[in-house]
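So this one's protein_1.tsv, TSV, C-alpha atoms (C1' of nucleotides):
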```tsv
chain	number	residue	atom	x	y	z
A	1	MET	CA	3.01	138.16	94.30
A	2	SER	CA	1.01	135.88	96.51
A	3	ALA	CA	-1.40	136.86	99.23
A	4	SER	CA	0.67	135.78	102.23
A	5	SER	CA	4.07	137.06	103.30
A	6	PRO	CA	6.86	136.43	100.80
A	7	PHE	CA	9.05	135.51	103.76
A	8	LYS	CA	6.85	132.65	104.97
A	9	VAL	CA	9.14	129.63	105.31
A	10	LEU	CA	8.44	126.72	102.96
A	11	PRO	CA	7.29	123.60	104.87
A	12	ALA	CA	8.95	120.18	104.97
A	13	ASP	CA	6.46	118.76	102.47
A	14	PHE	CA	7.72	121.17	99.85
A	15	TYR	CA	10.97	119.18	99.67
A	16	ARG	CA	9.50	115.68	99.79
A	17	ARG	CA	9.07	115.49	96.03
A	18	PRO	CA	11.27	114.47	93.10
A	19	ALA	CA	14.23	116.82	92.60
A	20	PRO	CA	13.14	118.12	89.17
A	21	GLU	CA	9.79	119.15	90.58
A	22	VAL	CA	11.41	120.94	93.50
A	23	ALA	CA	13.93	122.58	91.18
A	24	ARG	CA	11.10	124.14	89.18
A	25	ALA	CA	9.13	125.09	92.25
A	26	LEU	CA	12.13	126.88	93.75
A	27	LEU	CA	12.32	129.46	90.99
A	28	GLY	CA	11.17	132.83	92.25
A	29	ARG	CA	11.46	131.77	95.89
A	30	TYR	CA	13.53	133.68	98.38
A	31	LEU	CA	16.67	132.22	99.89
A	32	VAL	CA	17.02	133.94	103.26
A	33	ARG	CA	20.38	133.97	105.02
A	34	ARG	CA	20.60	135.30	108.56
A	35	VAL	CA	23.98	136.32	109.83
A	36	GLU	CA	24.36	138.00	113.19
A	37	GLY	CA	20.81	139.29	113.15
A	38	ARG	CA	21.06	140.74	109.67
A	39	ARG	CA	19.10	139.37	106.74
A	40	LEU	CA	20.42	138.70	103.25
A	41	VAL	CA	17.87	137.69	100.62
A	42	VAL	CA	18.11	136.53	97.03
A	43	ARG	CA	15.34	135.51	94.65
A	44	LEU	CA	16.24	132.27	92.90
A	45	VAL	CA	16.32	132.43	89.11
A	46	GLU	CA	18.24	129.28	88.14
A	47	THR	CA	18.45	125.75	89.59
A	48	GLU	CA	19.57	122.26	88.63
A	49	ALA	CA	18.20	118.88	89.75
A	50	TYR	CA	20.47	115.95	90.62
A	51	LEU	CA	18.73	112.61	90.92
A	52	GLY	CA	21.04	110.56	93.12
A	53	ALA	CA	22.10	106.97	92.38
A	54	PRO	CA	20.87	106.74	88.76
A	55	ASP	CA	22.46	110.10	87.83
A	56	ARG	CA	26.12	109.98	86.82
A	57	ALA	CA	26.47	113.72	87.43
A	58	SER	CA	25.25	113.38	91.02
A	59	HIS	CA	27.59	113.16	93.97
A	60	ALA	CA	25.38	110.26	95.06
A	61	TRP	CA	25.81	108.42	91.77
A	62	ASN	CA	25.71	104.65	92.14
A	63	GLY	CA	25.02	105.06	95.83
A	64	ARG	CA	28.40	106.67	96.42
A	65	ARG	CA	28.73	107.38	100.11
A	66	THR	CA	31.67	109.25	101.60
A	67	PRO	CA	32.05	111.63	104.55
A	68	ARG	CA	31.87	114.59	102.21
A	69	VAL	CA	28.44	113.77	100.81
A	70	GLU	CA	26.87	112.48	104.01
A	71	SER	CA	24.36	115.34	104.31
A	72	LEU	CA	23.12	114.59	100.81
A	73	TYR	CA	21.44	111.54	102.30
A	74	LEU	CA	19.47	113.50	104.91
A	75	THR	CA	15.75	113.90	104.45
A	76	GLY	CA	14.45	116.60	102.12
A	77	GLY	CA	14.74	120.14	103.45
A	78	HIS	CA	18.39	120.10	104.50
A	79	ALA	CA	21.39	121.91	103.03
A	80	TYR	CA	24.22	120.13	101.26
A	81	VAL	CA	27.26	122.38	100.79
A	82	TYR	CA	30.42	121.20	99.04
A	83	PHE	CA	33.77	122.72	98.12
A	84	ILE	CA	34.84	122.61	94.49
A	85	TYR	CA	37.75	123.60	92.25
A	86	GLY	CA	39.87	124.44	95.25
A	87	MET	CA	38.10	127.75	95.83
A	88	HIS	CA	34.32	127.72	95.58
A	89	TYR	CA	31.36	126.47	97.55
A	90	CYS	CA	28.04	125.31	96.09
A	91	LEU	CA	24.73	125.11	97.94
A	92	ASN	CA	22.20	122.32	97.36
A	93	VAL	CA	18.75	121.68	98.75
A	94	VAL	CA	18.21	118.01	99.59
A	95	THR	CA	14.95	116.60	98.22
A	96	GLY	CA	12.83	113.50	98.72
A	97	GLU	CA	13.14	110.94	101.46
A	98	ALA	CA	16.25	110.23	103.53
A	99	GLN	CA	18.89	107.90	102.02
A	100	VAL	CA	17.93	108.83	98.45
A	101	GLY	CA	20.65	111.39	97.71
A	102	SER	CA	18.66	113.63	95.37
A	103	ALA	CA	19.09	117.39	95.53
A	104	VAL	CA	18.76	120.73	93.78
A	105	LEU	CA	21.78	122.93	93.12
A	106	LEU	CA	21.03	126.64	93.56
A	107	ARG	CA	22.84	128.21	90.61
A	108	ALA	CA	21.77	131.83	90.53
A	109	GLY	CA	19.67	134.45	92.23
A	110	GLU	CA	19.10	138.17	92.22
A	111	ALA	CA	19.60	140.27	95.33
A	112	VAL	CA	16.43	141.35	97.08
A	113	GLU	CA	17.80	142.58	100.40
A	114	GLY	CA	21.28	143.18	101.78
A	115	GLY	CA	23.01	143.92	98.49
A	116	GLY	CA	25.62	146.09	100.13
A	117	GLU	CA	26.72	143.35	102.49
A	118	MET	CA	26.69	140.82	99.66
A	119	ALA	CA	28.99	143.02	97.63
A	120	ARG	CA	31.34	143.24	100.59
A	121	ASN	CA	31.25	139.46	101.03
A	122	ARG	CA	32.14	139.13	97.36
A	123	GLY	CA	35.02	141.55	97.78
A	124	LEU	CA	33.58	143.97	95.26
A	125	ALA	CA	34.46	147.65	95.46
A	126	ARG	CA	31.01	148.75	94.36
A	127	VAL	CA	27.51	147.36	94.51
A	128	PRO	CA	26.68	145.99	91.07
A	129	ARG	CA	23.27	145.24	89.57
A	130	PRO	CA	21.24	142.91	91.81
A	131	GLY	CA	21.71	140.02	89.41
A	132	ASP	CA	25.47	140.30	89.39
A	133	LEU	CA	25.81	139.61	93.09
A	134	ALA	CA	24.74	135.97	93.04
A	135	GLY	CA	24.74	135.04	89.36
A	136	GLY	CA	26.42	131.66	89.69
A	137	PRO	CA	26.61	128.89	92.29
A	138	GLY	CA	29.99	129.97	93.65
A	139	LYS	CA	29.05	133.63	93.69
A	140	LEU	CA	25.78	132.89	95.43
A	141	CYS	CA	27.57	131.15	98.28
A	142	LYS	CA	30.20	133.84	98.60
A	143	ALA	CA	27.63	136.65	98.58
A	144	LEU	CA	25.63	134.93	101.32
A	145	ALA	CA	28.67	133.87	103.37
A	146	ILE	CA	27.90	130.18	102.96
A	147	ASP	CA	30.55	127.49	103.40
A	148	ARG	CA	30.86	124.05	104.94
A	149	ALA	CA	29.69	125.47	108.28
A	150	GLN	CA	26.20	125.44	106.76
A	151	ASP	CA	26.47	121.87	105.46
A	152	GLY	CA	23.69	119.70	106.87
A	153	LEU	CA	21.60	122.54	108.31
A	154	SER	CA	17.83	122.25	108.29
A	155	LEU	CA	16.20	124.74	105.94
A	156	LEU	CA	12.99	124.85	107.96
A	157	ALA	CA	14.27	127.44	110.45
A	158	GLY	CA	17.42	129.25	111.48
A	159	GLU	CA	20.28	130.88	109.61
A	160	LEU	CA	19.32	129.44	106.23
A	161	THR	CA	15.73	129.17	105.01
A	162	LEU	CA	13.74	129.21	101.81
A	163	THR	CA	10.54	131.21	101.75
A	164	GLN	CA	7.50	131.68	99.60
A	165	GLY	CA	8.98	134.58	97.67
A	166	ASP	CA	7.63	135.45	94.25
A	167	PRO	CA	7.09	132.12	92.47
A	168	VAL	CA	6.65	132.09	88.72
A	169	ALA	CA	4.04	130.16	86.76
A	170	GLY	CA	5.06	127.04	84.83
A	171	TYR	CA	4.96	128.72	81.45
A	172	ALA	CA	7.70	131.10	82.50
A	173	VAL	CA	10.20	128.29	83.16
A	174	ALA	CA	12.85	127.25	80.65
A	175	SER	CA	14.82	124.01	80.89
A	176	GLY	CA	17.90	122.48	79.31
A	177	PRO	CA	21.02	120.38	79.97
A	178	ARG	CA	22.98	121.01	83.14
A	179	ILE	CA	26.22	122.98	83.21
A	180	GLY	CA	29.64	121.39	83.60
A	181	VAL	CA	28.60	117.74	83.51
A	182	ALA	CA	29.83	116.70	80.07
A	183	TYR	CA	31.63	113.77	81.69
A	184	ALA	CA	28.37	112.27	82.90
A	185	LYS	CA	27.61	110.26	79.73
A	186	GLU	CA	23.88	109.70	79.24
A	187	ALA	CA	23.01	112.00	82.14
A	188	ALA	CA	24.82	114.90	80.50
A	189	THR	CA	21.90	115.65	78.19
A	190	TRP	CA	19.05	115.28	80.62
A	191	PRO	CA	17.09	118.55	80.77
A	192	LEU	CA	17.43	119.10	84.50
A	193	ARG	CA	18.49	122.73	84.46
A	194	PHE	CA	15.71	125.21	85.10
A	195	ALA	CA	15.58	128.99	84.90
A	196	ILE	CA	13.09	131.78	84.80
A	197	GLN	CA	12.54	132.20	81.08
A	198	GLY	CA	14.55	134.99	79.58
A	199	HIS	CA	15.90	136.16	82.91
A	200	PRO	CA	18.93	138.34	82.23
A	201	GLN	CA	20.85	136.81	85.06
A	202	MET	CA	21.19	133.15	84.23
A	203	SER	CA	24.72	131.92	84.81
A	204	ARG	CA	26.15	131.49	81.35
A	205	PRO	CA	24.74	129.69	78.33
A	206	LYS	CA	21.20	130.71	77.66
A	207	LEU	CA	18.34	128.31	77.75
B	1	DC	C1'	50.17	106.53	97.83
B	2	DG	C1'	50.06	109.38	93.60
B	3	DG	C1'	47.67	111.39	89.98
B	4	DA	C1'	43.77	113.35	87.98
B	5	DA	C1'	39.66	115.90	87.72
B	6	DG	C1'	36.07	118.71	89.36
B	7	DA	C1'	27.98	120.79	89.68
B	8	DT	C1'	33.58	127.66	89.05
B	9	DC	C1'	35.21	132.29	88.53
B	10	DC	C1'	38.07	135.89	86.75
B	11	DA	C1'	41.62	138.14	84.10
B	12	DC	C1'	43.49	138.51	79.91
B	13	DT	C1'	43.88	138.32	74.73
C	1	DG	C1'	37.40	132.41	73.86
C	2	DT	C1'	41.11	130.51	76.66
C	3	DG	C1'	43.72	129.33	80.57
C	4	DG	C1'	45.19	129.74	85.43
C	5	DA	C1'	44.16	129.58	90.35
C	6	DT	C1'	43.86	126.23	94.14
C	7	DC	C1'	42.82	121.99	96.95
C	8	DT	C1'	39.74	118.31	98.33
C	9	DT	C1'	38.23	113.99	97.11
C	10	DC	C1'	38.34	109.78	94.77
C	11	DC	C1'	40.09	105.79	92.41
C	12	DG	C1'	43.43	102.79	90.60
C	13	DA	C1'	47.84	100.58	91.37
```

Go ahead and express the file in the form of structure tokens.
Amino acid sequence: MSASSPFKVLPADFYRRPAPEVARALLGRYLVRRVEGRRLVVRLVETEAYLGAPDRASHAWNGRRTPRVESLYLTGGHAYVYFIYGMHYCLNVVTGEAQVGSAVLLRAGEAVEGGGEMARNRGLARVPRPGDLAGGPGKLCKALAIDRAQDGLSLLAGELTLTQGDPVAGYAVASGPRIGVAYAKEAATWPLRFAIQGHPQMSRPKL
DNA sequence: CGGAAGATCCACT
DNA sequence: GTGGATCTTCCGA
């Protein structure tokens, strides 16, 4: 744990770096969701970087620009939330400069605060282990009550922020190919998935 | 304008 | 391990 408060909000500069760097740096950080004065917190354990135009798996591949992905082109430090498979939302953190379209998908976290409310948001009858509340991109959004209403929000203050948390050292980070992007040709094998090494709550295949 | 597929999750075998 | 749910978005015709 670091010297200052684990809930100190990460500054804009944190996001103005290449997506893979931010993806690594986000591990161990706290994602803080405020809803009606209450605070829900998860510690991030798994992320994926998406590079933008050169990355076939990215929603910004080849400069693709549609109303849905508009917030992906904001400057680093904003949220990009999209709806997928007819029933799930996924939360991304935009990285780099505006108009680039690079981002980090938040794939999994473990509950730090507000587990009871997260379980209710998930529709679970009981409160499971902390890692089972947000162990997947869709679950993470559902647990934290995130949907398209949060698309485009600044992460520097307000209902959705990222804070210092409990960052891990570089040696503790594992990387590998991203999940669910087999269609993306050459980009499918790029090692842009990052997780806290050996963490029990990675979403699916182990790294 | 229609068809196809998707950065997922869960129940069931 | 496999398949179904469910619907928005995109691309080709």

- request: Step by step: start from the point (43.6, 103.8, 94.2) in the file's coordinates, keep every protein, DNA or RNA residue that has an atom no farther than 12 Å from it, count all atoms listed in the file, and write the set as a ChimeraX atom specification.
  value: /B:1-4 /C:9-13

When you look at region 40-49 of chain A with a cut-off of 9 Å (counting only C-alpha atoms (C1' of nucleotides)), what residues show up, excluding the ones that are within fewer than 2 positions of it in the same chain? I need them as a PDB file with C-alpha atoms (C1' of nucleotides), in the frame of the given file.
```pdb
ATOM      1  CA  PRO A  18      11.270 114.470  93.100  1.00  0.00           C
ATOM      2  CA  ALA A  19      14.230 116.820  92.600  1.00  0.00           C
ATOM      3  CA  PRO A  20      13.140 118.120  89.170  1.00  0.00           C
ATOM      4  CA  GLU A  21       9.790 119.150  90.580  1.00  0.00           C
ATOM      5  CA  VAL A  22      11.410 120.940  93.500  1.00  0.00           C
ATOM      6  CA  ALA A  23      13.930 122.580  91.180  1.00  0.00           C
ATOM      7  CA  ARG A  24      11.100 124.140  89.180  1.00  0.00           C
ATOM      8  CA  LEU A  26      12.130 126.880  93.750  1.00  0.00           C
ATOM      9  CA  LEU A  27      12.320 129.460  90.990  1.00  0.00           C
ATOM     10  CA  GLY A  28      11.170 132.830  92.250  1.00  0.00           C
ATOM     11  CA  ARG A  29      11.460 131.770  95.890  1.00  0.00           C
ATOM     12  CA  TYR A  30      13.530 133.680  98.380  1.00  0.00           C
ATOM     13  CA  LEU A  31      16.670 132.220  99.890  1.00  0.00           C
ATOM     14  CA  VAL A  32      17.020 133.940 103.260  1.00  0.00           C
ATOM     15  CA  ARG A  33      20.380 133.970 105.020  1.00  0.00           C
ATOM     16  CA  ARG A  34      20.600 135.300 108.560  1.00  0.00           C
ATOM     17  CA  VAL A  35      23.980 136.320 109.830  1.00  0.00           C
ATOM     18  CA  ARG A  38      21.060 140.740 109.670  1.00  0.00           C
ATOM     19  CA  LEU A  51      18.730 112.610  90.920  1.00  0.00           C
ATOM     20  CA  SER A 102      18.660 113.630  95.370  1.00  0.00           C
ATOM     21  CA  ALA A 103      19.090 117.390  95.530  1.00  0.00           C
ATOM     22  CA  VAL A 104      18.760 120.730  93.780  1.00  0.00           C
ATOM     23  CA  LEU A 105      21.780 122.930  93.120  1.00  0.00           C
ATOM     24  CA  LEU A 106      21.030 126.640  93.560  1.00  0.00           C
ATOM     25  CA  ARG A 107      22.840 128.210  90.610  1.00  0.00           C
ATOM     26  CA  ALA A 108      21.770 131.830  90.530  1.00  0.00           C
ATOM     27  CA  GLY A 109      19.670 134.450  92.230  1.00  0.00           C
ATOM     28  CA  GLU A 110      19.100 138.170  92.220  1.00  0.00           C
ATOM     29  CA  ALA A 111      19.600 140.270  95.330  1.00  0.00           C
ATOM     30  CA  VAL A 112      16.430 141.350  97.080  1.00  0.00           C
ATOM     31  CA  GLU A 113      17.800 142.580 100.400  1.00  0.00           C
ATOM     32  CA  GLY A 114      21.280 143.180 101.780  1.00  0.00           C
ATOM     33  CA  GLY A 115      23.010 143.920  98.490  1.00  0.00           C
ATOM     34  CA  GLU A 117      26.720 143.350 102.490  1.00  0.00           C
ATOM     35  CA  MET A 118      26.690 140.820  99.660  1.00  0.00           C
ATOM     36  CA  PRO A 130      21.240 142.910  91.810  1.00  0.00           C
ATOM     37  CA  ALA A 134      24.740 135.970  93.040  1.00  0.00           C
ATOM     38  CA  GLY A 135      24.740 135.040  89.360  1.00  0.00           C
ATOM     39  CA  GLY A 136      26.420 131.660  89.690  1.00  0.00           C
ATOM     40  CA  LEU A 140      25.780 132.890  95.430  1.00  0.00           C
ATOM     41  CA  ALA A 143      27.630 136.650  98.580  1.00  0.00           C
ATOM     42  CA  LEU A 144      25.630 134.930 101.320  1.00  0.00           C
ATOM     43  CA  GLY A 165       8.980 134.580  97.670  1.00  0.00           C
ATOM     44  CA  ASP A 166       7.630 135.450  94.250  1.00  0.00           C
ATOM     45  CA  PRO A 177      21.020 120.380  79.970  1.00  0.00           C
ATOM     46  CA  ARG A 178      22.980 121.010  83.140  1.00  0.00           C
ATOM     47  CA  ILE A 179      26.220 122.980  83.210  1.00  0.00           C
ATOM     48  CA  LEU A 192      17.430 119.100  84.500  1.00  0.00           C
ATOM     49  CA  ARG A 193      18.490 122.730  84.460  1.00  0.00           C
ATOM     50  CA  PHE A 194      15.710 125.210  85.100  1.00  0.00           C
ATOM     51  CA  ALA A 195      15.580 128.990  84.900  1.00  0.00           C
ATOM     52  CA  ILE A 196      13.090 131.780  84.800  1.00  0.00           C
ATOM     53  CA  GLN A 197      12.540 132.200  81.080  1.00  0.00           C
ATOM     54  CA  HIS A 199      15.900 136.160  82.910  1.00  0.00           C
ATOM     55  CA  GLN A 201      20.850 136.810  85.060  1.00  0.00           C
ATOM     56  CA  MET A 202      21.190 133.150  84.230  1.00  0.00           C
ATOM     57  CA  SER A 203      24.720 131.920  84.810  1.00  0.00           C
TER      58      SER A 203
ATOM     59  C1'  DA B   7      27.980 120.790  89.680  1.00  0.00           C
TER      60       DA B   7
END
```

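As for CA of Gly76 (chain A) and CA of Val94 (chain A), they are spaced 4.7 Å apart.
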
- request: In Å, rounded to a single decimal, give me how far CA of Val181 (chain A) is from CA of Gly131 (chain A).
  value: 24.1 Å

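Among A:Lys185, A:His78, A:Arg65, A:Lys142, the residue with the shortest atom-to-atom distance to chain C, counting all atoms listed in the file, is A:Arg65.
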
What box, with edges along x, y and z, holds each listed atom of chain B when 6 Å is added on every side, and can you state its centre and edge lengths in Å to one decimal, as JSON?
```
{"center_x": 39.1, "center_y": 122.5, "center_z": 86.3, "size_x": 34.2, "size_y": 44.0, "size_z": 35.1}
```

Per residue of chain A within 7 Å of chain B, record the nearest atom pair and its distance in Å to one decimal, counting all atoms listed in the file, with rows in chain order and ascending residue number, as a tab-separated table.
```
residue	atom	partner	partner_atom	distance
A:Ile84	CA	B:DG6	C1'	6.6
A:Tyr85	CA	B:DG6	C1'	5.9
A:His88	CA	B:DT8	C1'	6.6
A:Gly138	CA	B:DT8	C1'	6.3
A:Gly180	CA	B:DA7	C1'	6.3
A:Val181	CA	B:DA7	C1'	6.9
```

query: What lies within 7 Å of region 57-63 of chain A using all atoms listed in the file, ignoring chain neighbours under 4 positions off, as a ChimeraX atom specification?
result: /A:50-53,69,101,181,184,187

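One distance worth recording is that between CA of Val9 (chain A) and CA of Ala157 (chain A), which is 7.6 Å.
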
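If you measure from each of A:Thr163, A:Thr66, A:Ser4, A:Thr189 to chain C using all atoms listed in the file, the closest one turns out to be A:Thr66.
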
Where does chain C meet chain A within 9 Å, residue by residue, with the nearest atom pair and distance in Å to one decimal for each, counting only C-alpha atoms (C1' of nucleotides), listed by chain and rising number, as a tab-separated table?
```
residue	atom	partner	partner_atom	distance
C:DA5	C1'	A:Gly86	CA	8.3
C:DT6	C1'	A:Gly86	CA	4.5
C:DC7	C1'	A:Gly86	CA	4.2
C:DT8	C1'	A:Gly86	CA	6.9
C:DT9	C1'	A:Arg68	CA	8.2
```
